[in-house]
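*Asks:* My structure is in protein.tsv, and what it holds is TSV, C-alpha atoms:
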```
chain	number	residue	atom	x	y	z
G	1	MET	CA	0.00	0.00	0.00
G	2	GLU	CA	3.04	2.29	0.43
G	3	GLU	CA	3.17	2.83	-3.33
G	4	ASN	CA	-0.06	4.78	-3.02
G	5	PHE	CA	1.85	7.60	-1.35
G	6	LYS	CA	4.25	9.68	-3.38
G	7	VAL	CA	6.01	12.96	-2.77
G	8	ILE	CA	6.36	15.23	-5.81
G	9	GLU	CA	8.16	18.46	-4.95
G	10	ASN	CA	6.07	20.12	-2.28
G	11	TYR	CA	3.04	17.89	-2.80
G	12	LEU	CA	2.06	14.63	-1.17
G	13	MET	CA	0.07	12.54	-3.63
G	14	VAL	CA	-2.30	10.03	-2.04
G	15	ARG	CA	-3.90	7.48	-4.33
G	16	MET	CA	-7.16	6.58	-2.62
G	17	PRO	CA	-8.25	2.92	-2.61
G	18	GLU	CA	-11.25	1.56	-4.48
G	19	GLU	CA	-13.38	1.67	-1.36
G	20	VAL	CA	-12.80	4.36	1.26
G	21	ASP	CA	-14.44	3.38	4.55
G	22	HIS	CA	-13.67	3.29	8.27
G	23	HIS	CA	-11.73	0.06	7.84
G	24	LYS	CA	-9.21	1.71	5.51
G	25	SER	CA	-9.29	5.26	6.85
G	26	GLY	CA	-7.02	4.70	9.86
G	27	TYR	CA	-4.14	3.49	7.73
G	28	ILE	CA	-4.50	6.27	5.16
G	29	SER	CA	-4.62	9.03	7.80
G	30	LYS	CA	-1.67	7.65	9.73
G	31	THR	CA	0.53	7.10	6.68
G	32	ALA	CA	-0.32	10.53	5.25
G	33	ASP	CA	0.58	12.15	8.58
G	34	ASP	CA	3.88	10.27	8.66
G	35	TYR	CA	4.72	11.66	5.23
G	36	ILE	CA	3.67	15.18	6.19
G	37	MET	CA	5.95	15.07	9.25
G	38	LYS	CA	8.84	13.20	7.67
G	39	GLU	CA	8.98	14.91	4.28
G	40	GLY	CA	7.64	18.26	5.41
G	41	VAL	CA	5.34	18.60	2.40
G	42	GLY	CA	3.25	21.75	2.16
G	43	ASN	CA	0.27	20.52	0.17
G	44	ILE	CA	-1.67	17.32	-0.20
G	45	VAL	CA	-3.47	15.82	-3.19
G	46	PHE	CA	-6.05	13.06	-2.85
G	47	ASP	CA	-6.44	11.13	-6.08
G	48	PHE	CA	-9.83	9.44	-6.38
G	49	GLU	CA	-9.25	7.85	-9.77
G	50	ASP	CA	-9.72	4.29	-8.49
G	51	THR	CA	-12.37	5.13	-5.92
G	52	ARG	CA	-15.84	3.71	-6.48
G	53	PHE	CA	-17.14	4.06	-2.93
G	54	MET	CA	-16.64	6.57	-0.14
G	55	ASP	CA	-18.54	7.18	3.08
G	56	SER	CA	-18.11	9.80	5.82
G	57	SER	CA	-14.81	8.21	6.88
G	58	GLY	CA	-13.30	9.69	3.71
G	59	ILE	CA	-14.54	13.10	4.81
G	60	GLY	CA	-12.83	12.50	8.15
G	61	ILE	CA	-9.54	11.75	6.39
G	62	ILE	CA	-9.70	14.94	4.32
G	63	ILE	CA	-10.80	17.22	7.17
G	64	GLY	CA	-8.11	15.80	9.46
G	65	ARG	CA	-5.35	16.38	6.90
G	66	TYR	CA	-6.77	19.79	5.98
G	67	LYS	CA	-6.52	20.92	9.61
G	68	LYS	CA	-2.85	19.91	9.77
G	69	ILE	CA	-1.81	21.25	6.38
G	70	SER	CA	-3.76	24.51	6.41
G	71	TYR	CA	-2.18	25.44	9.73
G	72	PHE	CA	1.01	26.08	7.79
G	73	GLY	CA	-0.77	27.66	4.85
G	74	GLY	CA	-0.87	24.48	2.75
G	75	ARG	CA	-3.66	23.49	0.41
G	76	VAL	CA	-5.66	20.33	-0.10
G	77	PHE	CA	-6.78	19.03	-3.49
G	78	ALA	CA	-9.16	16.26	-4.52
G	79	ILE	CA	-8.60	15.14	-8.09
G	80	ASN	CA	-10.25	12.68	-10.49
G	81	THR	CA	-13.46	12.86	-8.51
G	82	ASP	CA	-16.54	11.35	-10.09
G	83	ALA	CA	-20.02	12.83	-9.69
G	84	ARG	CA	-20.74	10.68	-6.66
G	85	ILE	CA	-17.62	11.69	-4.75
G	86	ARG	CA	-18.15	15.36	-5.58
G	87	LYS	CA	-21.68	15.09	-4.22
G	88	THR	CA	-20.41	13.47	-1.02
G	89	LEU	CA	-17.76	16.18	-0.55
G	90	MET	CA	-20.23	18.97	-1.25
G	91	ILE	CA	-22.83	17.74	1.23
G	92	CYS	CA	-20.20	18.43	3.88
G	93	GLY	CA	-19.29	21.80	2.39
G	94	LEU	CA	-15.73	20.70	1.71
G	95	HIS	CA	-15.72	22.46	-1.67
G	96	LYS	CA	-15.39	25.70	0.27
G	97	VAL	CA	-12.05	24.79	1.81
G	98	ILE	CA	-10.40	22.40	-0.64
G	99	GLU	CA	-9.92	22.36	-4.40
G	100	ILE	CA	-12.07	19.74	-6.11
G	101	MET	CA	-11.22	18.78	-9.66
G	102	GLU	CA	-12.76	16.29	-12.05
S	103	MET	CA	-43.79	8.16	1.16
S	104	GLU	CA	-45.97	10.45	3.24
S	105	THR	CA	-48.59	7.82	3.84
S	106	LYS	CA	-46.12	5.12	4.75
S	107	GLN	CA	-44.51	7.36	7.32
S	108	LYS	CA	-47.91	8.10	8.78
S	109	ILE	CA	-48.77	4.43	9.09
S	110	ILE	CA	-45.66	3.79	11.08
S	111	TYR	CA	-46.27	6.59	13.54
S	112	GLU	CA	-49.94	5.77	13.96
S	113	ARG	CA	-49.29	2.13	14.58
S	114	LYS	CA	-46.68	2.95	17.12
S	115	ASP	CA	-48.99	5.30	18.97
S	116	GLN	CA	-51.91	2.90	19.05
S	117	SER	CA	-50.11	-0.17	20.21
S	118	GLY	CA	-47.39	1.58	22.18
S	119	ALA	CA	-45.17	-1.10	20.74
S	120	GLU	CA	-41.42	-1.01	20.90
S	121	ILE	CA	-39.85	0.94	18.09
S	122	ASP	CA	-38.03	-2.23	17.00
S	123	GLY	CA	-41.34	-3.60	15.83
S	124	ALA	CA	-42.31	-0.47	13.90
S	125	LEU	CA	-40.74	-1.59	10.66
S	126	HIS	CA	-42.49	-4.92	10.75
S	127	THR	CA	-45.80	-3.34	11.63
S	128	ALA	CA	-45.48	-0.84	8.82
S	129	LEU	CA	-44.82	-3.58	6.32
S	130	SER	CA	-47.62	-5.85	7.39
S	131	GLY	CA	-49.88	-2.81	7.40
S	132	ALA	CA	-48.92	-2.05	3.84
S	133	ALA	CA	-49.36	-5.66	2.79
S	134	GLY	CA	-52.84	-5.78	4.29
S	135	GLY	CA	-54.02	-2.90	2.15
S	136	VAL	CA	-53.26	-2.52	-1.50
S	137	ASP	CA	-50.99	-5.01	-3.15
S	138	GLU	CA	-47.57	-3.38	-3.20
S	139	GLY	CA	-45.63	-6.06	-4.98
S	140	MET	CA	-43.44	-8.89	-3.89
S	141	LYS	CA	-42.12	-9.05	-0.37
S	142	ASN	CA	-38.68	-10.39	0.37
S	143	GLU	CA	-36.78	-10.49	3.63
S	144	MET	CA	-33.21	-11.10	4.70
S	145	GLU	CA	-31.66	-11.19	8.13
S	146	MET	CA	-28.05	-11.52	9.19
S	147	THR	CA	-25.83	-11.21	12.22
S	148	PHE	CA	-22.12	-10.57	12.05
S	149	ASP	CA	-19.18	-9.54	14.24
S	150	ALA	CA	-18.67	-5.84	14.89
S	151	VAL	CA	-15.29	-5.58	13.20
S	152	SER	CA	-14.33	-3.06	10.54
S	153	GLU	CA	-13.60	-5.83	7.99
S	154	ASN	CA	-17.34	-6.51	7.91
S	155	GLU	CA	-18.31	-2.98	6.83
S	156	ALA	CA	-17.61	-3.83	3.20
S	157	PHE	CA	-19.35	-7.18	3.58
S	158	ALA	CA	-22.50	-5.61	5.04
S	159	ARG	CA	-22.97	-3.04	2.28
S	160	MET	CA	-22.19	-5.61	-0.43
S	161	ALA	CA	-24.76	-7.97	1.05
S	162	VAL	CA	-27.49	-5.32	1.02
S	163	ALA	CA	-26.50	-4.24	-2.49
S	164	ALA	CA	-26.79	-7.84	-3.68
S	165	PHE	CA	-30.14	-8.23	-1.93
S	166	VAL	CA	-31.71	-5.20	-3.66
S	167	MET	CA	-30.40	-6.18	-7.09
S	168	PRO	CA	-33.71	-7.79	-8.19
S	169	LEU	CA	-35.33	-4.36	-7.74
S	170	ASP	CA	-33.06	-3.10	-10.51
S	171	PRO	CA	-31.71	-0.02	-8.70
S	172	THR	CA	-29.77	2.69	-10.52
S	173	VAL	CA	-26.07	3.15	-9.84
S	174	GLU	CA	-26.94	6.26	-7.85
S	175	GLU	CA	-29.51	4.46	-5.71
S	176	LEU	CA	-27.11	1.63	-5.07
S	177	SER	CA	-24.45	4.09	-3.91
S	178	ASP	CA	-26.97	5.79	-1.63
S	179	ILE	CA	-27.87	2.46	-0.03
S	180	LYS	CA	-24.27	1.28	0.30
S	181	THR	CA	-23.18	4.55	1.88
S	182	SER	CA	-26.06	4.49	4.37
S	183	VAL	CA	-25.38	0.87	5.37
S	184	SER	CA	-21.71	1.66	5.75
S	185	GLU	CA	-22.47	4.64	8.00
S	186	ALA	CA	-24.84	2.68	10.21
S	187	VAL	CA	-22.54	-0.33	10.57
S	188	THR	CA	-19.51	1.89	11.22
S	189	ASN	CA	-21.49	3.64	13.96
S	190	CYS	CA	-22.20	0.30	15.66
S	191	ILE	CA	-18.51	-0.61	15.55
S	192	ILE	CA	-16.89	2.63	16.66
S	193	HIS	CA	-19.60	4.01	18.94
S	194	GLY	CA	-21.89	1.16	20.01
S	195	TYR	CA	-19.11	-1.23	20.90
S	196	ASP	CA	-16.36	1.24	21.77
S	197	GLU	CA	-13.59	0.94	24.34
S	198	GLU	CA	-15.71	2.57	27.02
S	199	TYR	CA	-18.52	0.08	26.50
S	200	ARG	CA	-16.17	-2.88	26.63
S	201	GLN	CA	-14.74	-1.71	29.93
S	202	ILE	CA	-18.13	-1.15	31.53
S	203	SER	CA	-19.80	-4.31	30.26
S	204	GLN	CA	-16.63	-6.40	30.62
S	205	ALA	CA	-17.76	-8.20	27.52
S	206	ASP	CA	-15.17	-10.53	26.12
S	207	GLY	CA	-14.77	-10.80	22.41
S	208	VAL	CA	-16.41	-8.53	19.89
S	209	GLY	CA	-20.03	-7.42	19.81
S	210	ARG	CA	-22.47	-8.38	17.14
S	211	ILE	CA	-24.44	-6.40	14.62
S	212	HIS	CA	-27.87	-7.47	13.47
S	213	MET	CA	-29.12	-6.41	10.09
S	214	ARG	CA	-32.55	-6.93	8.63
S	215	CYS	CA	-33.60	-5.97	5.12
S	216	VAL	CA	-37.09	-6.11	3.75
S	217	THR	CA	-38.17	-5.22	0.26
S	218	GLN	CA	-41.83	-4.68	-0.41
S	219	GLY	CA	-42.50	-3.87	-4.02
S	220	ASP	CA	-39.97	-1.13	-4.80
S	221	VAL	CA	-39.43	-0.02	-1.20
S	222	LEU	CA	-36.39	-1.11	0.77
S	223	CYS	CA	-36.52	-1.12	4.56
S	224	LEU	CA	-33.36	-1.58	6.52
S	225	GLU	CA	-32.89	-2.19	10.21
S	226	ILE	CA	-29.40	-2.17	11.70
S	227	ARG	CA	-29.10	-2.90	15.39
S	228	ASP	CA	-26.39	-3.30	18.00
S	229	GLU	CA	-26.46	-4.24	21.67
S	230	GLY	CA	-23.82	-1.70	22.59
S	231	LYS	CA	-23.72	1.32	24.85
S	232	GLY	CA	-26.60	3.24	23.27
S	233	ILE	CA	-27.04	6.96	22.67
S	234	THR	CA	-27.99	9.32	25.50
S	235	ASP	CA	-29.02	12.27	23.34
S	236	ILE	CA	-30.25	11.13	19.93
S	237	SER	CA	-31.07	14.55	18.51
S	238	GLN	CA	-27.62	15.81	19.41
S	239	ALA	CA	-26.03	12.72	17.86
S	240	MET	CA	-27.93	13.41	14.65
S	241	GLU	CA	-26.69	16.98	14.33
S	242	PRO	CA	-24.35	17.44	11.38
S	243	MET	CA	-20.68	17.57	12.41
S	244	PHE	CA	-21.44	16.42	15.94
S	245	THR	CA	-19.16	13.63	17.07
S	246	THR	CA	-18.17	12.18	20.40
S	247	LYS	CA	-14.90	11.03	18.90
S	248	PRO	CA	-13.14	14.02	17.29
S	249	GLN	CA	-9.76	12.56	18.26
S	250	GLU	CA	-10.42	9.63	15.93
S	251	GLU	CA	-11.14	12.02	13.08
S	252	ARG	CA	-14.74	11.14	12.75
S	253	SER	CA	-16.48	13.73	10.63
S	254	GLY	CA	-19.76	13.57	12.54
S	255	MET	CA	-21.63	13.21	9.28
S	256	GLY	CA	-22.88	9.63	9.63
S	257	PHE	CA	-26.52	10.31	10.46
S	258	SER	CA	-26.58	13.31	8.09
S	259	PHE	CA	-25.51	11.04	5.25
S	260	MET	CA	-28.14	8.46	6.10
S	261	GLU	CA	-30.73	11.24	6.14
S	262	ALA	CA	-29.52	12.68	2.86
S	263	PHE	CA	-29.33	9.40	0.97
S	264	MET	CA	-32.42	7.60	2.25
S	265	ASP	CA	-36.07	8.68	2.25
S	266	ARG	CA	-36.65	8.06	5.91
S	267	LEU	CA	-34.47	7.56	8.96
S	268	GLU	CA	-35.48	6.66	12.46
S	269	VAL	CA	-33.20	6.05	15.40
S	270	ALA	CA	-34.12	4.45	18.70
S	271	SER	CA	-31.72	3.83	21.52
S	272	ARG	CA	-31.49	2.99	25.16
S	273	PRO	CA	-28.24	3.65	27.03
S	274	GLY	CA	-26.70	0.36	28.08
S	275	CYS	CA	-29.00	-1.69	25.83
S	276	GLY	CA	-28.17	-0.70	22.31
S	277	THR	CA	-29.30	1.26	19.29
S	278	VAL	CA	-31.46	0.50	16.30
S	279	VAL	CA	-31.39	2.49	13.08
S	280	MET	CA	-34.23	2.12	10.62
S	281	MET	CA	-34.08	3.41	7.10
S	282	GLU	CA	-36.39	3.33	4.15
S	283	LYS	CA	-35.87	4.08	0.51
S	284	LYS	CA	-38.17	3.92	-2.46
S	285	LEU	CA	-36.38	2.83	-5.59
S	286	GLY	CA	-37.07	3.92	-9.12
S	287	VAL	CA	-38.19	7.44	-8.21
S	288	LEU	CA	-35.65	9.48	-10.14
S	289	ARG	CA	-34.83	6.89	-12.74
S	290	TRP	CA	-34.45	9.33	-15.65
S	291	GLU	CA	-34.04	12.71	-14.05
S	292	ASP	CA	-31.17	11.68	-11.81
S	293	GLU	CA	-29.17	9.80	-14.40
S	294	GLU	CA	-26.28	11.87	-15.67
```
If you took the structure in this file and wrote it as structure tokens, what would it be?
*Replies:*
Amino acid sequence: MEENFKVIENYLMVRMPEEVDHHKSGYISKTADDYIMKEGVGNIVFDFEDTRFMDSSGIGIIIGRYKKISYFGGRVFAINTDARIRKTLMICGLHKVIEIME
Amino acid sequence: METKQKIIYERKDQSGAEIDGALHTALSGAAGGVDEGMKNEMEMTFDAVSENEAFARMAVAAFVMPLDPTVEELSDIKTSVSEAVTNCIIHGYDEEYRQISQADGVGRIHMRCVTQGDVLCLEIRDEGKGITDISQAMEPMFTTKPQEERSGMGFSFMEAFMDRLEVASRPGCGTVVMMEKKLGVLRWEDEE
């Protein structure tokens, strides 16, 4: 699963799994935090290309990382989001604090 | 949906029955009146471990397949099941509960699905610690576990994605979540 995390310049790229739920969220949050601390990246990008399912645990992952990263002025991106994931993010109002791209 | 909701409340008031029986009552009430299509029922019990979250939503998705749901409807159902089951695992049977009850091993989650015609009724129940203030628990962004990065959106999602949501709980006894969704409502309009 480590290959799903990649640092490109000042960005941490996180490739989200096919199904984002509570079972997977702990590992993703913890590993992302390790990278943020270790590599000192400023921004974080969540790539939803493979994701076919996400519940509120995914929102928890993003909000948690957003709180850490934005403290130092970093930005959070969600890319390759399908209509469903965009809807889920927007119900929570996340489109106001992070960049959502198709 | 209006009428169905009414039936449930009326029945509950008349009989004073436990809320757990409301779903069943509503369905038998519906069946007694006009013919609302085929009835099908499924019940399962599984361990309250996070590995089973995926299993639970897949099982419900497979069960509703004969109703020919749209991709959107299927996602709505899967998300709602996932939220309810996750709640049982991280809140119903949390560390605090295990210490108080001194229960050994993991708790169990009971799930019941009934389809009547094109309506899906879901009942997800745990025998965990229960909720003291249900209306507070259902507020968006409210969570008792911010340190675990819970978004507090579980009940809000269930409300947004299903047609009806009802929660009953007794501290120390457990919680039951009942949801209802009519399929085939936005078949054309909602398709992108």
*Asks:* Quote the spacing between CA of Arg272 in chain S and CA of Ile233 in chain S in Å to one decimal place.
*Replies:* 6.5 Å
*Asks:* With 8 Å as the limit and counting all atoms listed in the file, what residues in chain G lie close to chain S? Please list them as a PyMOL selection string.
*Replies:* chain G and resi 21-23+53-57+59-61+63-64+84+92
*Asks:* Let me make sure I understand: among G:Leu89, G:Glu19, G:Asn43, G:Asp50, which one has the smallest atom-to-atom distance to Arg159 in chain S if we use only C-alpha atoms?
*Replies:*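 For Arg159 in chain S, the nearest of the candidates is G:Glu19.
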*Asks:* Tell me, in Å to one decimal, how far CA of Glu198 in chain S is from CA of Asp33 in chain G.
*Replies:*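 About the pair CA of Glu198 in chain S and CA of Asp33 in chain G: they are 26.4 Å apart.
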*Asks:* Kindly give the distance, in Å, that separates CA of Thr51 in chain G and CA of Val20 in chain G, rounded to a single decimal.
*Replies:* 7.2 Å
*Asks:* Could you check the closest approach to Ser25 in chain G for each of G:Ile79, G:Ile62, G:Ile91, G:Ile44 and tell me which residue wins, using only C-alpha atoms?
*Replies:*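 Among the listed residues, G:Ile62 lies closest to Ser25 in chain G.
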*Asks:* So that I can see what lies close to Pro17 in chain G, please list as number ranges by chain the residues with an atom at most 12 Å from it, counting all atoms listed in the file and leaving out residues fewer than 5 positions away in the same chain.
*Replies:* G: 1-5, 23-25, 27-28, 46-54, 58
*Asks:* Looking at G:Ala32, G:Met37, G:Leu94, G:Ile100, which one is nearest to Asn80 in chain G, with distances taken over all atoms listed in the file?
*Replies:*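 Closest to Asn80 in chain G of all the choices is G:Ile100.
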*Asks:* For a cutoff of 9 Å around the file-coordinate point (-20.5, -2.1, 17.1), which residues qualify once you count all atoms listed in the file? I'd like the result as JSON, numbers by chain.
*Replies:* {"S": [149, 150, 151, 187, 188, 189, 190, 191, 192, 193, 194, 195, 196, 208, 209, 210, 211, 227, 228, 229, 230]}
*Asks:* Export, as a compact mmCIF listing (two decimals), in the coordinates of the input, the selected residues with C-alpha atoms.
*Replies:*
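Listed below is the output, out-v9.txt:
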```txt
# COMPACT_ATOMS: atom_id res chain seq x y z
CA ASP S 149 -19.18 -9.54 14.24
CA ALA S 150 -18.67 -5.84 14.89
CA VAL S 151 -15.29 -5.58 13.20
CA VAL S 187 -22.54 -0.33 10.57
CA THR S 188 -19.51 1.89 11.22
CA ASN S 189 -21.49 3.64 13.96
CA CYS S 190 -22.20 0.30 15.66
CA ILE S 191 -18.51 -0.61 15.55
CA ILE S 192 -16.89 2.63 16.66
CA HIS S 193 -19.60 4.01 18.94
CA GLY S 194 -21.89 1.16 20.01
CA TYR S 195 -19.11 -1.23 20.90
CA ASP S 196 -16.36 1.24 21.77
CA VAL S 208 -16.41 -8.53 19.89
CA GLY S 209 -20.03 -7.42 19.81
CA ARG S 210 -22.47 -8.38 17.14
CA ILE S 211 -24.44 -6.40 14.62
CA ARG S 227 -29.10 -2.90 15.39
CA ASP S 228 -26.39 -3.30 18.00
CA GLU S 229 -26.46 -4.24 21.67
CA GLY S 230 -23.82 -1.70 22.59
```
*Asks:* List as a VMD selection string the protein and nucleic acid residues near Asn10 in chain G, meaning an atom at most 10 Å away when all atoms listed in the file are counted, but skip any in the same chain fewer than 2 places from it.
*Replies:* chain G and resid 7 to 8 12 to 13 39 to 44 74
